[in-house]
Every structure is written in C-alpha cells, then in structure tokens.
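Student: What follows is final18.txt, made up of compact mmCIF, C-alpha atoms:
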```
# COMPACT_ATOMS: atom_id res chain seq x y z
CA MET X 1398 0.00 0.00 0.00
CA CYS X 1399 1.69 3.19 -1.20
CA ALA X 1400 0.60 6.27 0.74
CA TYR X 1401 1.69 9.84 1.33
CA LEU X 1402 2.74 10.35 4.97
CA LEU X 1403 3.55 13.61 6.70
CA VAL X 1404 5.98 13.10 9.61
CA ALA X 1405 6.16 15.85 12.25
CA GLU X 1406 9.11 15.30 14.60
CA ASP X 1407 11.38 18.03 16.01
CA ASP X 1408 14.27 15.60 16.61
CA ARG X 1409 15.84 15.76 13.16
CA GLY X 1410 17.86 12.58 13.60
CA GLN X 1411 14.81 10.58 14.67
CA ALA X 1412 12.74 12.16 11.91
CA GLU X 1413 15.23 11.03 9.27
CA VAL X 1414 15.22 7.48 10.67
CA LEU X 1415 11.41 7.42 10.46
CA ARG X 1416 11.46 8.79 6.92
CA ARG X 1417 13.85 6.06 5.79
CA TYR X 1418 11.81 3.27 7.37
CA LEU X 1419 8.54 4.56 5.92
CA THR X 1420 10.11 5.05 2.49
CA ALA X 1421 11.51 1.52 2.62
CA ASP X 1422 7.97 0.33 3.36
CA GLY X 1423 6.88 1.82 0.04
CA HIS X 1424 5.47 5.16 1.19
CA ASP X 1425 6.15 8.75 0.15
CA ALA X 1426 7.19 10.45 3.42
CA LEU X 1427 7.71 14.18 3.97
CA VAL X 1428 9.34 15.39 7.21
CA VAL X 1429 8.69 18.70 8.99
CA HIS X 1430 9.97 19.92 12.34
CA ASP X 1431 7.46 22.36 13.84
CA GLY X 1432 3.72 22.65 14.34
CA ARG X 1433 3.09 25.51 11.96
CA ALA X 1434 4.88 23.68 9.16
CA VAL X 1435 2.56 20.73 9.80
CA LEU X 1436 -0.52 22.89 9.24
CA GLU X 1437 0.96 24.49 6.14
CA HIS X 1438 1.82 21.19 4.45
CA ALA X 1439 -1.28 19.30 5.58
CA ARG X 1440 -3.51 22.01 4.14
CA ARG X 1441 -1.55 22.29 0.91
CA ARG X 1442 -1.43 18.54 0.30
CA PRO X 1443 -3.50 16.47 2.76
CA PRO X 1444 -1.56 13.33 3.70
CA ASP X 1445 -2.98 9.82 3.90
CA LEU X 1446 -1.54 9.69 7.44
CA LEU X 1447 0.02 12.24 9.79
CA VAL X 1448 2.67 11.01 12.24
CA LEU X 1449 2.59 13.78 14.84
CA ASP X 1450 4.94 14.38 17.79
CA ILE X 1451 3.32 16.19 20.72
CA MET X 1452 6.38 18.18 21.79
CA MET X 1453 7.18 20.54 18.92
CA PRO X 1454 8.25 24.19 18.61
CA ARG X 1455 5.99 27.04 17.44
CA LEU X 1456 2.82 24.98 17.92
CA ASP X 1457 2.51 21.78 19.97
CA GLY X 1458 1.15 18.56 18.53
CA LEU X 1459 -2.06 18.56 20.57
CA SER X 1460 -2.98 21.99 19.22
CA VAL X 1461 -2.15 20.89 15.68
CA CYS X 1462 -4.27 17.78 16.14
CA ARG X 1463 -7.31 19.76 17.33
CA ILE X 1464 -7.01 22.29 14.48
CA LEU X 1465 -6.68 19.67 11.77
CA ARG X 1466 -9.41 17.48 13.21
CA ALA X 1467 -11.81 20.43 12.96
CA GLU X 1468 -10.89 20.81 9.29
CA SER X 1469 -10.52 17.24 8.02
CA ASP X 1470 -10.53 13.53 8.81
CA ILE X 1471 -6.81 12.97 8.19
CA PRO X 1472 -5.71 9.87 10.19
CA ILE X 1473 -3.30 10.91 12.96
CA LEU X 1474 -0.75 8.74 14.78
CA MET X 1475 0.42 10.65 17.87
CA LEU X 1476 3.95 10.32 19.27
CA THR X 1477 4.90 11.36 22.80
CA ALA X 1478 7.41 10.82 25.57
CA ARG X 1479 4.55 10.99 28.06
CA ALA X 1480 3.15 7.60 29.00
CA GLY X 1481 0.51 8.56 31.58
CA GLU X 1482 -3.13 7.63 31.12
CA ASP X 1483 -4.21 11.28 31.25
CA ASP X 1484 -1.84 12.14 28.41
CA LEU X 1485 -3.11 9.21 26.37
CA LEU X 1486 -6.72 10.28 26.85
CA THR X 1487 -5.88 13.91 26.05
CA GLY X 1488 -4.35 12.88 22.74
CA LEU X 1489 -7.23 10.61 21.79
CA ASP X 1490 -9.83 13.17 22.90
CA GLY X 1491 -8.02 15.74 20.75
CA GLY X 1492 -8.68 13.63 17.68
CA ALA X 1493 -5.72 11.25 17.38
CA ASP X 1494 -6.52 7.84 15.88
CA ASP X 1495 -3.64 6.00 17.54
CA TYR X 1496 -0.92 6.67 20.09
CA LEU X 1497 2.71 5.55 20.42
CA THR X 1498 4.95 6.37 23.38
CA LYS X 1499 8.69 6.96 23.26
CA PRO X 1500 11.04 5.21 23.09
CA TYR X 1501 9.65 3.09 20.30
CA SER X 1502 11.04 0.94 17.52
CA PRO X 1503 10.85 2.42 13.99
CA ARG X 1504 9.65 -1.01 12.89
CA GLU X 1505 6.79 -0.80 15.39
CA LEU X 1506 5.84 2.66 14.13
CA THR X 1507 5.91 1.42 10.54
CA ALA X 1508 3.64 -1.49 11.48
CA ARG X 1509 1.25 0.86 13.33
CA ALA X 1510 1.16 3.18 10.35
CA ARG X 1511 0.45 0.28 8.01
CA ALA X 1512 -2.40 -0.95 10.22
CA LEU X 1513 -3.89 2.52 10.56
CA LEU X 1514 -3.78 3.03 6.80
CA ARG X 1515 -5.58 -0.29 6.29
CA ARG X 1516 -8.33 0.77 8.70
CA THR X 1517 -8.82 4.27 7.34
CA LYS X 1518 -7.83 4.19 3.68
CA THR X 1519 -10.83 3.28 1.55
CA PHE X 1520 -9.36 4.66 -1.68
CA LYS X 1521 -11.08 8.01 -1.15
CA ARG X 1522 -7.62 9.54 -1.49
CA MET X 1523 -5.11 7.83 -3.75
CA THR X 1524 -1.48 8.81 -4.22
CA VAL X 1525 0.69 7.65 -7.11
CA GLY X 1526 4.11 9.28 -6.99
CA ARG X 1527 3.50 13.03 -6.90
CA VAL X 1528 -0.10 12.77 -8.09
CA THR X 1529 -2.89 12.64 -5.48
CA VAL X 1530 -6.53 12.03 -6.39
CA ASP X 1531 -9.13 12.79 -3.70
CA VAL X 1532 -12.42 11.22 -4.76
CA THR X 1533 -14.39 12.67 -1.85
CA LEU X 1534 -13.36 16.27 -2.53
CA HIS X 1535 -13.03 15.71 -6.29
CA ARG X 1536 -9.55 17.24 -6.29
CA VAL X 1537 -6.25 16.45 -7.95
CA HIS X 1538 -2.90 17.63 -6.58
CA VAL X 1539 0.38 17.38 -8.46
CA ASP X 1540 3.58 18.31 -6.65
CA ASP X 1541 1.42 19.86 -3.88
CA GLU X 1542 -0.39 22.11 -6.38
CA LEU X 1543 -4.12 21.89 -7.09
CA VAL X 1544 -4.89 20.91 -10.70
CA GLU X 1545 -8.27 21.55 -12.30
CA CYS X 1546 -9.69 18.59 -14.23
CA THR X 1547 -12.86 18.15 -16.24
CA PRO X 1548 -15.28 15.42 -15.04
CA GLY X 1549 -14.10 13.09 -17.78
CA GLU X 1550 -10.42 13.66 -17.02
CA PHE X 1551 -11.05 13.15 -13.31
CA ALA X 1552 -12.94 9.90 -13.91
CA ILE X 1553 -10.08 8.49 -15.96
CA LEU X 1554 -7.38 9.60 -13.52
CA ALA X 1555 -9.29 8.24 -10.50
CA ALA X 1556 -9.73 4.87 -12.17
CA MET X 1557 -6.05 4.62 -13.00
CA ALA X 1558 -4.88 5.90 -9.61
CA GLY X 1559 -6.86 3.11 -7.96
CA GLN X 1560 -4.75 0.54 -9.81
CA PRO X 1561 -1.30 1.99 -10.54
CA GLU X 1562 0.75 0.20 -13.19
CA ARG X 1563 -2.34 -1.57 -14.55
CA VAL X 1564 -2.78 -1.16 -18.29
CA PHE X 1565 -6.27 0.10 -19.20
CA THR X 1566 -7.69 -0.23 -22.69
CA ARG X 1567 -9.59 2.68 -24.19
CA ALA X 1568 -12.81 0.68 -23.87
CA GLN X 1569 -12.19 0.13 -20.15
CA LEU X 1570 -11.49 3.81 -19.55
CA LEU X 1571 -14.54 4.72 -21.57
CA GLN X 1572 -16.68 2.79 -19.09
CA HIS X 1573 -15.42 5.06 -16.30
CA THR X 1574 -16.47 8.19 -18.17
CA ARG X 1575 -20.03 7.03 -18.81
CA GLY X 1576 -22.40 9.43 -17.11
CA VAL X 1577 -19.95 12.34 -17.12
CA ASP X 1578 -19.14 12.37 -20.85
CA ARG X 1579 -22.46 11.31 -22.32
CA ASP X 1580 -21.32 11.30 -25.94
CA SER X 1581 -17.87 9.82 -25.41
CA VAL X 1582 -16.31 7.44 -27.91
CA GLU X 1583 -13.09 5.50 -27.53
CA ARG X 1584 -11.04 8.05 -29.44
CA SER X 1585 -12.12 10.74 -26.96
CA ILE X 1586 -10.04 8.89 -24.35
CA ASP X 1587 -6.93 9.92 -26.30
CA VAL X 1588 -8.00 13.57 -26.02
CA HIS X 1589 -8.54 13.25 -22.27
CA VAL X 1590 -5.13 11.61 -21.87
CA LEU X 1591 -3.47 14.35 -23.91
CA ASN X 1592 -5.08 17.01 -21.72
CA LEU X 1593 -4.19 15.15 -18.51
CA ARG X 1594 -0.57 14.96 -19.58
CA ARG X 1595 -0.50 18.75 -19.93
CA LYS X 1596 -1.66 18.97 -16.33
CA ILE X 1597 0.23 16.20 -14.50
CA GLU X 1598 3.45 15.65 -16.46
CA PRO X 1599 6.72 17.53 -15.85
CA ASN X 1600 7.19 17.39 -19.64
CA PRO X 1601 3.97 16.53 -21.52
CA ARG X 1602 5.93 15.79 -24.71
CA ARG X 1603 7.89 13.08 -22.89
CA PRO X 1604 5.37 11.48 -20.49
CA SER X 1605 6.78 9.77 -17.41
CA ARG X 1606 3.57 9.31 -15.39
CA LEU X 1607 0.68 8.67 -17.77
CA LEU X 1608 2.22 6.24 -20.24
CA THR X 1609 1.09 4.76 -23.52
CA VAL X 1610 1.30 0.97 -23.81
CA TYR X 1611 1.31 0.61 -27.57
CA GLY X 1612 -1.36 -1.61 -29.01
CA ILE X 1613 -3.22 -1.81 -25.68
CA GLY X 1614 -3.92 1.48 -23.92
CA TYR X 1615 -2.58 3.52 -21.01
CA LYS X 1616 -1.24 3.16 -17.48
CA LEU X 1617 -0.44 5.49 -14.57
CA THR X 1618 2.93 5.14 -12.85
CA ALA X 1619 4.73 6.92 -10.03
CA GLY X 1620 7.06 8.59 -12.52
CA PRO X 1621 9.98 10.77 -11.39
CA PRO X 1622 10.34 11.64 -7.67
```
Can I see the file as structure tokens?
Tutor:
Amino acid sequence: MCAYLLVAEDDRGQAEVLRRYLTADGHDALVVHDGRAVLEHARRRPPDLLVLDIMMPRLDGLSVCRILRAESDIPILMLTARAGEDDLLTGLDGGADDYLTKPYSPRELTARARALLRRTKTFKRMTVGRVTVDVTLHRVHVDDELVECTPGEFAILAAMAGQPERVFTRAQLLQHTRGVDRDSVERSIDVHVLNLRRKIEPNPRRPSRLLTVYGIGYKLTAGPP
C-alpha cells in the first residue's frame, strides 16, 4: 500500500530514521519539524496519514491535532514521551486515531502506520508518486499544487490511480467516463489523456507518469520523484 505520509518530529535525527523506514515500506514520506509547518503542508497537500509528535516548537502537537481534526478527517498517529493515562486520553480526545509512546522501535511505528492506513484508507484519497486524487473532494494535486480537471479527465485519472501500473484499454477507460461524458467514444479517451498529460506531467511531450502501452492502452505510474 503506497501512501503519502507527513511526519512531524522536532528531533531531526529521529525524523530522518522514520522517513527512511517509511520510504523503505513503500510510502512517500515528507518530514517537517514544527507545528506551523505541519498545518501548512497538511492544508496544501492532505496526507494519507500524519505522524505527529506532541512536543514541537511554534505549535505543539495537541494543538495541531485539534485544528486539523476540525478541518478534516486525516488519520493521525500521535507520538509522545509521556506515557501517563491522562496524556493518552488527552491525545485521543483531541482527535488522534492511535498513540505511540517513546522510546519506540521504527519497525513498530511502521507497522502501526500500516495498520492505521488499512483501517482508514478506503481509496477516497489515492497517491501515485507526486499525483494525489481525492475522490471525496473531487480534487487532484500534483507536486502539492491543485490541478483543475474536467469530469471526464477526473474519472479516468481516479480509475487509473486506484490501480497503478495496470494497463487500461480505451474501452475500459470509456466505461469510467459514462455518465460524465455522455457522448464519449473510444477516441475521446486519447483527447482526455493528452489534456491530462498537460496537467500532471513535468514534460507533456515526454510522459513519465501517464504512459502509452502501444497496441493496448494507457497506465499510470509513479514517474519521477
């Protein structure tokens, strides 16, 4: 399961260890070191999971958790050096989905993150490389920037993001546009793909994300980092 994780940890050494473990587990992990940076990045590109340390400069993790929980349903795994029951309840009452006390094993955190993603990820938000498709909000982000898509383009991209690396024929993609592009024909898929490449590719003339599989159709890949 590839997901986009935002890791908020003020200990830079520990943060880098976490990033490496999560990346090795197949995820795209971004590290920040203070509470205000968490809010900035989470609002710009909502993560599939937020790993949030309580003790952080500028804005503590509990405050960040309460603010984000009022704005979204981002899954939050809270980290803290405090092990008391009151602290645990405060974190959970503030909106955290799970809680891990320090010291902890990076392997344990990776396993917790994986379990939490399984419980909360229902393919409402799908991330493939630097492309994120949010089905609930009907939004597409590329490299943290919002990209406007037509209903037909969105339907195609959402279908492909749900099964990265799968090759879709034009006929299969056409089925996903039924109801949004009433008069679509198979050749219209090529037009949608051309327009999507202009929006999601670093270089639309040399696609690296939305690829043609000659004689069959198209597939979506992670592309360049």
Student: Quick one: residues within 8 Å of His1538 (chain X), all atoms listed in the file, excluding same-chain residues fewer than 2 positions away - as a list in words?
Tutor: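 What passes the distance filter is Arg1442, Arg1527, Val1528, Thr1529, Val1530, Arg1536, Asp1540, Asp1541, Glu1542, Leu1543 and Val1544 of chain X.
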Student: How far is it from CA of Val1525 (chain X) to CA of Pro1561 (chain X), in Å with one decimal?
Tutor: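 Here the two named atoms are 6.9 Å from each other.
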Student: As a tab-separated table (two decimals) with C-alpha atoms, in the frame of the given file, please: the residues near Arg1417 (chain X) (cut-off 12 Å, only C-alpha atoms, same-chain neighbours under 2 positions excluded).
Tutor:
```tsv
chain	number	residue	atom	x	y	z
X	1402	LEU	CA	2.74	10.35	4.97
X	1404	VAL	CA	5.98	13.10	9.61
X	1410	GLY	CA	17.86	12.58	13.60
X	1411	GLN	CA	14.81	10.58	14.67
X	1412	ALA	CA	12.74	12.16	11.91
X	1413	GLU	CA	15.23	11.03	9.27
X	1414	VAL	CA	15.22	7.48	10.67
X	1415	LEU	CA	11.41	7.42	10.46
X	1419	LEU	CA	8.54	4.56	5.92
X	1420	THR	CA	10.11	5.05	2.49
X	1421	ALA	CA	11.51	1.52	2.62
X	1422	ASP	CA	7.97	0.33	3.36
X	1423	GLY	CA	6.88	1.82	0.04
X	1424	HIS	CA	5.47	5.16	1.19
X	1425	ASP	CA	6.15	8.75	0.15
X	1426	ALA	CA	7.19	10.45	3.42
X	1427	LEU	CA	7.71	14.18	3.97
X	1428	VAL	CA	9.34	15.39	7.21
X	1503	PRO	CA	10.85	2.42	13.99
X	1504	ARG	CA	9.65	-1.01	12.89
X	1507	THR	CA	5.91	1.42	10.54
```
Student: Could you check how far CA of Gln1560 (chain X) sits from CA of Glu1468 (chain X), in Å to one decimal?
Tutor: 28.5 Å
Student: Which value, in Å to one decimal, gives the distance between CA of His1430 (chain X) and CA of Asp1494 (chain X)?
Tutor: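 CA of His1430 (chain X) sits 20.7 Å away from CA of Asp1494 (chain X).
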Student: Which residue, X:Pro1454, X:Pro1444, X:Pro1599, X:Pro1604, has the smallest gap to Ser1469 (chain X) when you use all atoms listed in the file?
Tutor: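 The shortest atom-to-atom distance to Ser1469 (chain X) comes from X:Pro1444.
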Student: Within 12 Å of (-2.1, 22.8, 20.3) in the file's own coordinates, which protein, DNA or RNA residues have an atom, counting all atoms listed in the file? List them as number ranges by chain.
Tutor: X: 1431-1433, 1435-1436, 1449-1466, 1487-1488, 1491-1492
Student: Under the rule that all atoms listed in the file are counted, which of X:Glu1437, X:Glu1406, X:Glu1562, X:Glu1583 is the nearest residue to Tyr1615 (chain X)?
Tutor: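 Result for the nearest residue to Tyr1615 (chain X): X:Glu1562.
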Student: Ranking X:Ala1512, X:Leu1403, X:Leu1476, X:Ala1434 by minimum distance to Thr1498 (chain X) and counting all atoms listed in the file, which one comes first?
Tutor: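 Of all the options, X:Leu1476 lies closest to Thr1498 (chain X).
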Student: With a distance cut-off of 12 Å and all atoms listed in the file, select the neighbouring residues of Arg1584 (chain X), excluding the residue or stretch itself and same-chain residues fewer than 4 positions from it, and output the selection as a short mmCIF file (atom, residue, chain, number, x, y, z; two decimals) with C-alpha atoms, in the coordinates of the input.
Tutor:
```
data_model
loop_
_atom_site.label_atom_id
_atom_site.label_comp_id
_atom_site.auth_asym_id
_atom_site.auth_seq_id
_atom_site.Cartn_x
_atom_site.Cartn_y
_atom_site.Cartn_z
CA THR X 1566 -7.69 -0.23 -22.69
CA ARG X 1567 -9.59 2.68 -24.19
CA ALA X 1568 -12.81 0.68 -23.87
CA LEU X 1570 -11.49 3.81 -19.55
CA LEU X 1571 -14.54 4.72 -21.57
CA ASP X 1580 -21.32 11.30 -25.94
CA VAL X 1588 -8.00 13.57 -26.02
CA HIS X 1589 -8.54 13.25 -22.27
CA VAL X 1590 -5.13 11.61 -21.87
CA LEU X 1591 -3.47 14.35 -23.91
CA GLY X 1614 -3.92 1.48 -23.92
#
```
Student: Under the rule that all atoms listed in the file are counted, which of X:Leu1534, X:Pro1472, X:Thr1477, X:Arg1515 is the nearest residue to Tyr1501 (chain X)?
Tutor: X:Thr1477
Student: Between X:Asn1592, X:Thr1574, X:Gln1569, X:Thr1524, which has the minimum distance to Ile1613 (chain X) (counting all atoms listed in the file)?
Tutor: X:Gln1569
